[in-house]
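The data block below is coords-v7.cif; it holds mmCIF, C-alpha atoms and all ligand atoms.
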```
data_structure
loop_
_atom_site.label_atom_id
_atom_site.label_comp_id
_atom_site.auth_asym_id
_atom_site.auth_seq_id
_atom_site.Cartn_x
_atom_site.Cartn_y
_atom_site.Cartn_z
CA MET A 283 -30.78 -95.64 24.50
CA ARG A 284 -33.19 -94.10 26.99
CA SER A 285 -36.88 -94.88 27.60
CA TYR A 286 -39.63 -92.28 27.89
CA SER A 287 -42.63 -92.04 30.23
CA LEU A 288 -45.41 -89.75 29.12
CA ILE A 289 -48.57 -88.42 30.75
CA ALA A 290 -51.60 -88.62 28.42
CA PRO A 291 -54.60 -86.59 29.72
CA ALA A 292 -58.26 -87.33 29.02
CA LYS A 293 -60.51 -84.68 27.45
CA ILE A 294 -64.05 -83.53 28.03
CA ASN A 295 -66.26 -81.62 25.58
CA LEU A 296 -67.44 -78.29 26.94
CA TYR A 297 -69.33 -77.83 23.66
CA LEU A 298 -70.27 -80.18 20.82
CA GLU A 299 -72.41 -79.03 17.91
CA ILE A 300 -73.08 -81.21 14.88
CA ILE A 301 -73.25 -78.97 11.84
CA GLY A 302 -73.62 -81.34 8.90
CA ASP A 303 -72.19 -84.10 6.73
CA ARG A 304 -68.78 -83.93 5.07
CA PRO A 305 -67.83 -85.40 1.69
CA ASP A 306 -65.35 -87.72 3.49
CA GLY A 307 -68.20 -89.37 5.43
CA TYR A 308 -67.39 -87.71 8.76
CA HIS A 309 -69.53 -85.09 10.47
CA GLU A 310 -68.72 -81.40 10.32
CA LEU A 311 -68.41 -80.37 13.98
CA ALA A 312 -67.82 -77.35 16.19
CA MET A 313 -66.48 -78.35 19.59
CA VAL A 314 -64.69 -76.96 22.58
CA LEU A 315 -62.27 -79.60 23.83
CA GLN A 316 -60.75 -79.45 27.30
CA SER A 317 -57.91 -81.51 28.80
CA ILE A 318 -58.31 -82.72 32.38
CA SER A 319 -55.79 -84.02 34.91
CA LEU A 320 -57.20 -87.59 34.77
CA ALA A 321 -54.52 -89.27 32.64
CA ASP A 322 -52.96 -92.52 31.42
CA GLN A 323 -49.22 -93.13 31.65
CA ILE A 324 -47.46 -94.40 28.54
CA ASP A 325 -43.96 -95.92 28.78
CA ILE A 326 -41.99 -96.31 25.57
CA ARG A 327 -38.93 -98.53 25.66
CA PRO A 328 -36.62 -99.38 22.75
CA ILE A 329 -36.14 -103.10 22.07
CA GLU A 330 -33.64 -105.00 19.90
CA ILE A 331 -36.11 -106.66 17.55
CA ASP A 332 -37.84 -104.72 14.79
CA THR A 333 -41.35 -105.04 16.23
CA ILE A 334 -44.02 -103.00 18.02
CA PHE A 335 -45.33 -104.51 21.26
CA VAL A 336 -48.26 -103.00 23.17
CA GLN A 337 -49.38 -104.01 26.64
CA CYS A 338 -52.04 -102.50 28.87
CA ASP A 339 -53.05 -103.22 32.47
CA SER A 340 -56.78 -102.98 31.53
CA ALA A 341 -58.54 -106.07 30.16
CA ALA A 342 -60.96 -103.77 28.27
CA VAL A 343 -58.17 -102.59 25.99
CA PRO A 344 -56.82 -104.76 23.13
CA ASN A 345 -53.07 -105.53 23.07
CA ASP A 346 -53.01 -106.12 19.32
CA ASN A 347 -52.78 -103.96 16.21
CA THR A 348 -56.25 -102.49 16.85
CA ASN A 349 -54.91 -100.59 19.87
CA LEU A 350 -54.68 -96.91 18.90
CA ALA A 351 -51.22 -96.73 20.52
CA TYR A 352 -50.10 -99.55 18.23
CA ARG A 353 -51.63 -97.78 15.22
CA ALA A 354 -49.70 -94.61 16.09
CA ALA A 355 -46.41 -96.54 16.33
CA ALA A 356 -47.13 -98.37 13.06
CA LEU A 357 -47.80 -95.05 11.32
CA MET A 358 -44.49 -93.64 12.63
CA ALA A 359 -42.63 -96.78 11.49
CA GLN A 360 -44.20 -96.46 8.05
CA GLN A 361 -43.40 -92.73 7.77
CA PHE A 362 -39.85 -93.00 9.19
CA PRO A 363 -38.56 -96.48 8.20
CA GLU A 364 -34.93 -95.37 8.47
CA ALA A 365 -35.48 -94.37 12.14
CA MET A 366 -37.01 -97.76 12.94
CA ALA A 367 -34.05 -99.44 11.14
CA GLN A 368 -31.59 -97.35 13.16
CA TYR A 369 -33.22 -97.54 16.60
CA GLY A 370 -35.00 -100.93 16.48
CA GLY A 371 -38.51 -101.72 17.72
CA VAL A 372 -40.49 -100.43 20.70
CA GLU A 373 -42.37 -101.79 23.66
CA ILE A 374 -45.31 -99.59 24.66
CA THR A 375 -46.80 -100.04 28.13
CA ILE A 376 -50.12 -98.33 28.92
CA LYS A 377 -51.12 -97.72 32.53
CA LYS A 378 -54.86 -97.15 32.04
CA ARG A 379 -56.45 -94.63 34.37
CA ILE A 380 -58.96 -93.11 31.91
CA PRO A 381 -62.17 -95.15 31.69
CA VAL A 382 -62.49 -97.00 28.37
CA ALA A 383 -65.18 -96.22 25.75
CA ALA A 384 -66.31 -93.36 27.94
CA GLY A 385 -66.29 -90.30 25.65
CA LEU A 386 -63.02 -89.13 27.22
CA ALA A 387 -60.70 -89.83 24.24
CA GLY A 388 -58.70 -92.44 26.18
CA GLY A 389 -57.45 -94.26 23.08
CA SER A 390 -56.79 -91.02 21.20
CA THR A 391 -54.61 -89.58 23.96
CA ASP A 392 -52.58 -92.82 24.15
CA ALA A 393 -51.98 -92.56 20.39
CA ALA A 394 -50.92 -88.91 20.77
CA ALA A 395 -48.44 -89.92 23.50
CA VAL A 396 -46.90 -92.54 21.23
CA LEU A 397 -46.40 -89.97 18.44
CA VAL A 398 -44.71 -87.55 20.88
CA GLY A 399 -42.67 -90.36 22.52
CA LEU A 400 -41.37 -91.78 19.23
CA ASP A 401 -40.52 -88.29 17.99
CA LEU A 402 -38.27 -88.01 21.08
CA LEU A 403 -36.91 -91.57 21.00
CA TRP A 404 -36.06 -91.43 17.30
CA GLN A 405 -34.80 -87.80 17.59
CA LEU A 406 -36.96 -86.70 14.65
CA GLY A 407 -37.52 -83.11 15.79
CA LEU A 408 -41.05 -82.96 14.30
CA THR A 409 -42.91 -79.66 14.58
CA GLN A 410 -46.26 -79.33 16.35
CA GLY A 411 -47.93 -79.06 12.91
CA GLU A 412 -46.21 -82.20 11.61
CA LEU A 413 -47.25 -84.14 14.72
CA GLU A 414 -50.84 -82.90 14.34
CA ASP A 415 -50.93 -83.96 10.67
CA LEU A 416 -49.81 -87.49 11.62
CA ALA A 417 -52.31 -87.48 14.49
CA ALA A 418 -55.20 -86.63 12.14
CA GLN A 419 -54.47 -89.84 10.19
CA ILE A 420 -55.22 -91.87 13.33
CA GLY A 421 -58.41 -90.20 14.57
CA SER A 422 -60.28 -86.91 14.82
CA ASP A 423 -59.52 -86.32 18.53
CA VAL A 424 -55.80 -87.22 18.30
CA PRO A 425 -54.48 -83.82 17.04
CA PHE A 426 -56.08 -82.02 20.01
CA CYS A 427 -54.61 -84.51 22.49
CA ILE A 428 -51.02 -83.58 21.51
CA LYS A 429 -51.09 -79.97 22.75
CA GLY A 430 -54.25 -80.25 24.86
CA GLY A 431 -55.46 -77.38 27.02
CA THR A 432 -58.64 -75.61 25.90
CA ALA A 433 -59.31 -75.39 22.15
CA LEU A 434 -62.04 -74.73 19.63
CA ALA A 435 -62.07 -77.66 17.21
CA THR A 436 -63.81 -77.49 13.84
CA GLY A 437 -63.79 -79.59 10.67
CA ARG A 438 -64.07 -83.17 11.90
CA GLY A 439 -62.34 -82.01 15.10
CA GLU A 440 -58.82 -81.66 13.73
CA VAL A 441 -58.81 -77.90 12.94
CA LEU A 442 -57.73 -76.37 16.23
CA SER A 443 -57.76 -72.82 17.62
CA PRO A 444 -56.31 -72.54 21.13
CA LEU A 445 -58.40 -70.65 23.69
CA VAL A 446 -57.38 -69.55 27.21
CA ASN A 447 -56.24 -71.58 30.19
CA LEU A 448 -59.12 -72.72 32.45
CA ASP A 449 -57.07 -74.48 35.11
CA ASN A 450 -58.88 -72.57 37.87
CA LEU A 451 -61.84 -74.96 37.41
CA TYR A 452 -62.45 -78.53 38.58
CA VAL A 453 -64.61 -81.38 37.40
CA VAL A 454 -66.39 -84.37 38.87
CA LEU A 455 -67.05 -87.27 36.48
CA ALA A 456 -69.16 -90.40 36.77
CA LYS A 457 -69.77 -93.41 34.56
CA TYR A 458 -71.71 -96.67 34.86
CA ARG A 459 -68.99 -99.34 34.68
CA SER A 460 -71.09 -101.74 32.62
CA LEU A 461 -72.38 -99.16 30.14
CA ALA A 462 -70.52 -98.23 26.94
CA ILE A 463 -71.91 -96.11 24.10
CA SER A 464 -70.38 -96.67 20.68
CA THR A 465 -69.27 -93.42 19.05
CA PRO A 466 -70.29 -94.58 15.51
CA TRP A 467 -73.75 -95.56 16.88
CA ALA A 468 -74.24 -92.10 18.44
CA TYR A 469 -73.35 -90.20 15.25
CA LYS A 470 -75.30 -92.56 12.99
CA THR A 471 -78.40 -92.27 15.16
CA TYR A 472 -78.04 -88.49 15.24
CA ARG A 473 -77.87 -88.42 11.43
CA THR A 474 -81.01 -90.58 11.19
CA GLN A 475 -82.97 -88.42 13.63
CA PHE A 476 -81.66 -84.93 12.91
CA GLY A 477 -80.11 -85.17 9.43
CA ASP A 478 -82.84 -82.88 8.04
CA THR A 479 -81.43 -80.00 10.15
CA TYR A 480 -77.91 -80.32 8.66
CA VAL A 481 -76.34 -77.36 6.91
CA ARG A 482 -75.98 -78.17 3.21
CA GLU A 483 -74.59 -75.03 1.55
CA ALA A 484 -70.94 -73.99 1.89
CA GLU A 485 -72.06 -70.43 2.69
CA ASP A 486 -74.28 -71.62 5.56
CA LEU A 487 -71.43 -73.78 6.85
CA GLN A 488 -69.18 -70.73 7.01
CA SER A 489 -71.78 -68.69 8.89
CA ARG A 490 -72.43 -71.53 11.38
CA ARG A 491 -68.68 -71.82 12.07
CA GLN A 492 -68.53 -68.06 12.50
CA ARG A 493 -71.47 -68.17 14.90
CA VAL A 494 -69.61 -70.62 17.16
CA HIS A 495 -66.38 -68.55 16.95
CA SER A 496 -68.17 -65.40 18.06
CA GLY A 497 -70.73 -67.21 20.23
CA GLY A 498 -71.39 -67.21 23.96
CA MET A 499 -69.30 -70.22 24.96
CA VAL A 500 -66.09 -68.98 23.35
CA SER A 501 -66.50 -65.53 24.88
CA ALA A 502 -67.31 -67.03 28.33
CA ILE A 503 -64.07 -69.04 28.05
CA MET A 504 -62.03 -66.02 26.94
CA GLN A 505 -63.35 -64.23 30.06
CA ARG A 506 -62.60 -67.35 32.18
CA ASP A 507 -66.15 -66.97 33.52
CA GLY A 508 -66.84 -70.35 35.17
CA ALA A 509 -70.52 -69.60 35.91
CA LYS A 510 -71.24 -68.67 32.30
CA ILE A 511 -69.24 -71.63 30.94
CA GLY A 512 -71.33 -73.88 33.20
CA GLN A 513 -74.59 -72.45 31.88
CA LEU A 514 -73.51 -72.75 28.23
CA LEU A 515 -72.30 -76.37 28.25
CA HIS A 516 -73.81 -78.05 25.19
CA ASN A 517 -73.66 -81.46 23.54
CA ASP A 518 -75.91 -82.39 20.58
CA LEU A 519 -75.21 -86.10 21.17
CA GLU A 520 -77.21 -85.92 24.42
CA LYS A 521 -80.32 -85.78 22.17
CA VAL A 522 -79.73 -89.39 21.12
CA ALA A 523 -77.90 -90.81 24.16
CA LEU A 524 -80.20 -89.61 26.96
CA PRO A 525 -83.52 -90.97 25.59
CA GLU A 526 -81.79 -94.32 24.93
CA HIS A 527 -80.11 -94.47 28.35
CA PRO A 528 -82.39 -93.02 31.07
CA GLU A 529 -79.84 -93.93 33.76
CA VAL A 530 -77.42 -91.41 32.19
CA LEU A 531 -80.16 -88.75 32.35
CA LYS A 532 -80.72 -89.66 36.01
CA LEU A 533 -77.01 -89.17 36.73
CA ARG A 534 -77.03 -85.84 34.91
CA GLU A 535 -80.06 -84.71 36.96
CA ALA A 536 -78.36 -85.80 40.19
CA PHE A 537 -75.32 -83.64 39.34
CA ALA A 538 -77.56 -80.73 38.29
CA SER A 539 -79.24 -80.73 41.72
CA GLN A 540 -75.86 -80.09 43.42
CA ASN A 541 -73.69 -77.04 43.92
CA VAL A 542 -72.12 -77.18 40.43
CA LEU A 543 -71.50 -74.63 37.65
CA GLY A 544 -73.09 -76.92 35.07
CA THR A 545 -73.30 -80.53 33.95
CA MET A 546 -73.15 -82.37 30.61
CA MET A 547 -72.41 -85.71 28.96
CA SER A 548 -68.90 -85.80 27.43
CA GLY A 549 -68.54 -86.64 23.72
CA SER A 550 -70.61 -89.66 22.76
CA GLY A 551 -70.86 -90.58 26.45
CA PRO A 552 -71.72 -92.25 28.65
CA THR A 553 -69.51 -90.28 31.09
CA VAL A 554 -71.32 -87.32 32.66
CA PHE A 555 -69.29 -84.49 34.18
CA ALA A 556 -70.05 -81.42 36.28
CA LEU A 557 -67.85 -78.34 36.60
CA THR A 558 -67.07 -76.91 40.04
CA GLU A 559 -65.13 -73.95 41.39
CA SER A 560 -62.95 -75.96 43.76
CA GLU A 561 -61.55 -79.42 44.28
CA ARG A 562 -63.36 -79.63 47.63
CA GLN A 563 -66.71 -78.98 45.89
CA ALA A 564 -65.94 -81.65 43.28
CA LEU A 565 -65.18 -84.18 46.03
CA GLU A 566 -68.33 -83.22 47.96
CA VAL A 567 -70.55 -83.55 44.87
CA ALA A 568 -69.03 -86.97 44.08
CA GLU A 569 -69.72 -88.15 47.64
CA THR A 570 -73.29 -86.78 47.77
CA VAL A 571 -74.32 -88.17 44.37
CA ARG A 572 -72.66 -91.52 45.13
CA LYS A 573 -74.79 -91.80 48.30
CA GLN A 574 -77.94 -90.45 46.61
CA LEU A 575 -77.88 -92.91 43.69
CA ALA A 576 -76.38 -95.76 45.74
CA ASN A 577 -75.54 -97.74 42.60
CA PRO A 578 -72.49 -100.04 42.90
CA ASP A 579 -72.10 -99.90 39.09
CA LEU A 580 -71.23 -96.17 39.24
CA ASP A 581 -67.59 -94.99 39.33
CA PHE A 582 -66.62 -91.41 40.21
CA TRP A 583 -63.49 -89.35 39.54
CA THR A 584 -62.49 -85.78 40.29
CA ALA A 585 -59.94 -83.81 38.26
CA LYS A 586 -58.68 -80.33 37.51
CA LEU A 587 -59.08 -78.73 34.09
CA SER A 588 -55.60 -78.82 32.59
CA SER A 589 -53.68 -76.52 30.27
CA THR A 590 -51.39 -79.26 28.94
CA GLY A 591 -51.59 -82.15 26.50
CA ILE A 592 -48.88 -84.82 26.29
CA THR A 593 -46.00 -84.15 28.71
CA LEU A 594 -43.04 -86.12 30.03
CA ALA A 595 -43.81 -87.87 33.33
P1 LIG B 1 -63.66 -90.81 22.02
O1 LIG B 1 -64.00 -89.90 23.15
O2 LIG B 1 -62.40 -90.38 21.26
O3 LIG B 1 -64.79 -91.19 21.15
P2 LIG B 1 -63.75 -92.95 23.88
O4 LIG B 1 -63.20 -92.33 25.14
O5 LIG B 1 -65.23 -93.02 23.79
O6 LIG B 1 -63.15 -92.20 22.65
P3 LIG B 1 -61.81 -95.05 23.99
O7 LIG B 1 -61.52 -95.18 25.45
O8 LIG B 1 -60.78 -94.41 23.14
O9 LIG B 1 -63.23 -94.39 23.73
O10 LIG B 1 -62.13 -96.54 23.48
C1 LIG B 1 -62.91 -96.82 22.35
C2 LIG B 1 -62.59 -98.24 21.89
O11 LIG B 1 -61.27 -98.25 21.36
C3 LIG B 1 -62.60 -99.24 23.02
O12 LIG B 1 -63.68 -100.10 22.83
C4 LIG B 1 -61.27 -99.98 22.96
O13 LIG B 1 -61.44 -101.37 22.80
C5 LIG B 1 -60.55 -99.43 21.73
N1 LIG B 1 -59.16 -99.02 22.00
C6 LIG B 1 -58.13 -99.17 21.16
N2 LIG B 1 -57.00 -98.68 21.68
C7 LIG B 1 -57.30 -98.19 22.90
C8 LIG B 1 -56.54 -97.55 23.93
N3 LIG B 1 -55.22 -97.34 23.79
N4 LIG B 1 -57.19 -97.14 25.02
C9 LIG B 1 -58.52 -97.34 25.14
N5 LIG B 1 -59.28 -97.97 24.22
C10 LIG B 1 -58.68 -98.39 23.09
#
```

Output the structure of this file as structure tokens.
Ligand code: ATP
Amino acid sequence: MRSYSLIAPAKINLYLEIIGDRPDGYHELAMVLQSISLADQIDIRPIEIDTIFVQCDSAAVPNDNTNLAYRAAALMAQQFPEAMAQYGGVEITIKKRIPVAAGLAGGSTDAAAVLVGLDLLWQLGLTQGELEDLAAQIGSDVPFCIKGGTALATGRGEVLSPLVNLDNLYVVLAKYRSLAISTPWAYKTYRTQFGDTYVREAEDLQSRRQRVHSGGMVSAIMQRDGAKIGQLLHNDLEKVALPEHPEVLKLREAFASQNVLGTMMSGSGPTVFALTESERQALEVAETVRKQLANPDLDFWTAKLSSTGITLA
């Protein structure tokens, strides 16, 4: 039986608006999610014994059943016990390239790759919709990671509308190695500080969703207008993360002073990214800001915006 190697891209948020609370305890969100070429590699190999093994070359990632890749495999084994009985267990090897706990959906994309890989290995022939439904059981960002590209995500992030391909744009990213921001902390703090602005009526919720659908960012994306997209980058979670972490604000300001289309924190942070029109510009900005801040704790990456989610390596 063959093994599969999959490419699992990171995502950035071009837009993140917190609309309100949901009855299930999650937040109601409106986001634009964007895949980038910075990616992990996931190898899935069948093994004789009926077990799931996960290993990762990064010490920051757990190798046990809390790994999101493990959770994806366990969900598949539970949903398709006859496939596991027929094909045996799996060994999942993660080559980590996406920084961990960075707001780049690193764990979510690994989980998405395992769903796609086991669908192939076990010859299940699942549809995109079926894969996305399984993905939503693992985490809010996992459904997007399967197909990737550029998408408007509403609900808790799992209701997806594809937008157009933005792979003419590039991105420079930076993160303090020793700084992690917990996603639950960011949302909880936002609720404490801004909960009184939440939409409470179903009617208002509908009109807020509509406003994002017909709003500036979506139309800038549909026109593939990099300059406008750069100006309209938005992330509500910056309101809690930046006052708490002034060094992230400093990084954002350093990017903003360069030749970039726009800059923003991704997701719950602490990664900050800036959009550029070319790869050369992205590399130049990384070099200039690296020298300017001269902080050995800062890591930089450059990438291209990508139109794909999980693909075979
Ligand atoms: P998101 O943007 O979806 O909020 P994130 O990029 O902030 O996610 P992850 O890199 O997914 O964060 O890591 C969050 C936590 O999940 C880490 O502290 C890590 O220990 C744990 N984790 C579990 N599985 C994985 C995995 N496969 N890759 C990375 N982290 C994982």

Skip Thr432 in chain A itself and residues of its chain fewer than 6 positions away, then list as number ranges by chain all residues within 10 Å of it, counting all atoms listed in the file.
-> A: 293-296, 314-318, 426, 442-449, 503, 587-591

Which chains and residue numbers are within 7 Å of ligand LIG 1 (chain B), counting all atoms listed in the file, if I want them as a PyMOL selection string?
-> chain A and resi 342-344+348-351+381-390+392-393+423+465+549-551

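Distances to Val554 in chain A were evaluated for A:Asn577, A:Asn345, A:Gln505, A:Thr584 using all atoms listed in the file, and the minimum falls at A:Thr584.
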
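Here CA of Gln323 in chain A is placed at a distance of 13.6 Å from CA of Glu373 in chain A.
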
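Using only C-alpha atoms, the shortest contact distance between Pro525 in chain A and any of A:Gln513, A:Tyr472, A:Asn347, A:Ala456 is found at A:Tyr472.
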
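Proximity of A:Val530, A:Ile334, A:Ala538, A:Ile300 to Phe476 in chain A, computed with all atoms listed in the file, is greatest for A:Ile300.
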
Quick one: distance from CA of Leu543 in chain A to CA of Lys510 in chain A in Å, one decimal?
->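 Between these atoms lies a distance of 8.0 Å.
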
Would you list the contacts of Ser539 in chain A as a PyMOL selection string, taking every protein, DNA or RNA residue within 12 Å and counting all atoms listed in the file, but skipping same-chain residues closer than 3 positions in sequence?
-> chain A and resi 532-536+542-545+556+567+570-571+574

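You can rank A:Ile511, A:Val522, A:Ala585, A:Leu403 by their closest distance to Ala365 in chain A using only C-alpha atoms, and at the top of that list sits A:Leu403.
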
Computed interatomic separation between CA of Lys457 in chain A and CA of Leu288 in chain A (Å) = 25.2 Å

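In terms of minimum interatomic distance to Arg459 in chain A, A:Thr553 ranks closest within A:Thr553, A:Thr436, A:Thr593, A:Gln405, counting only C-alpha atoms.
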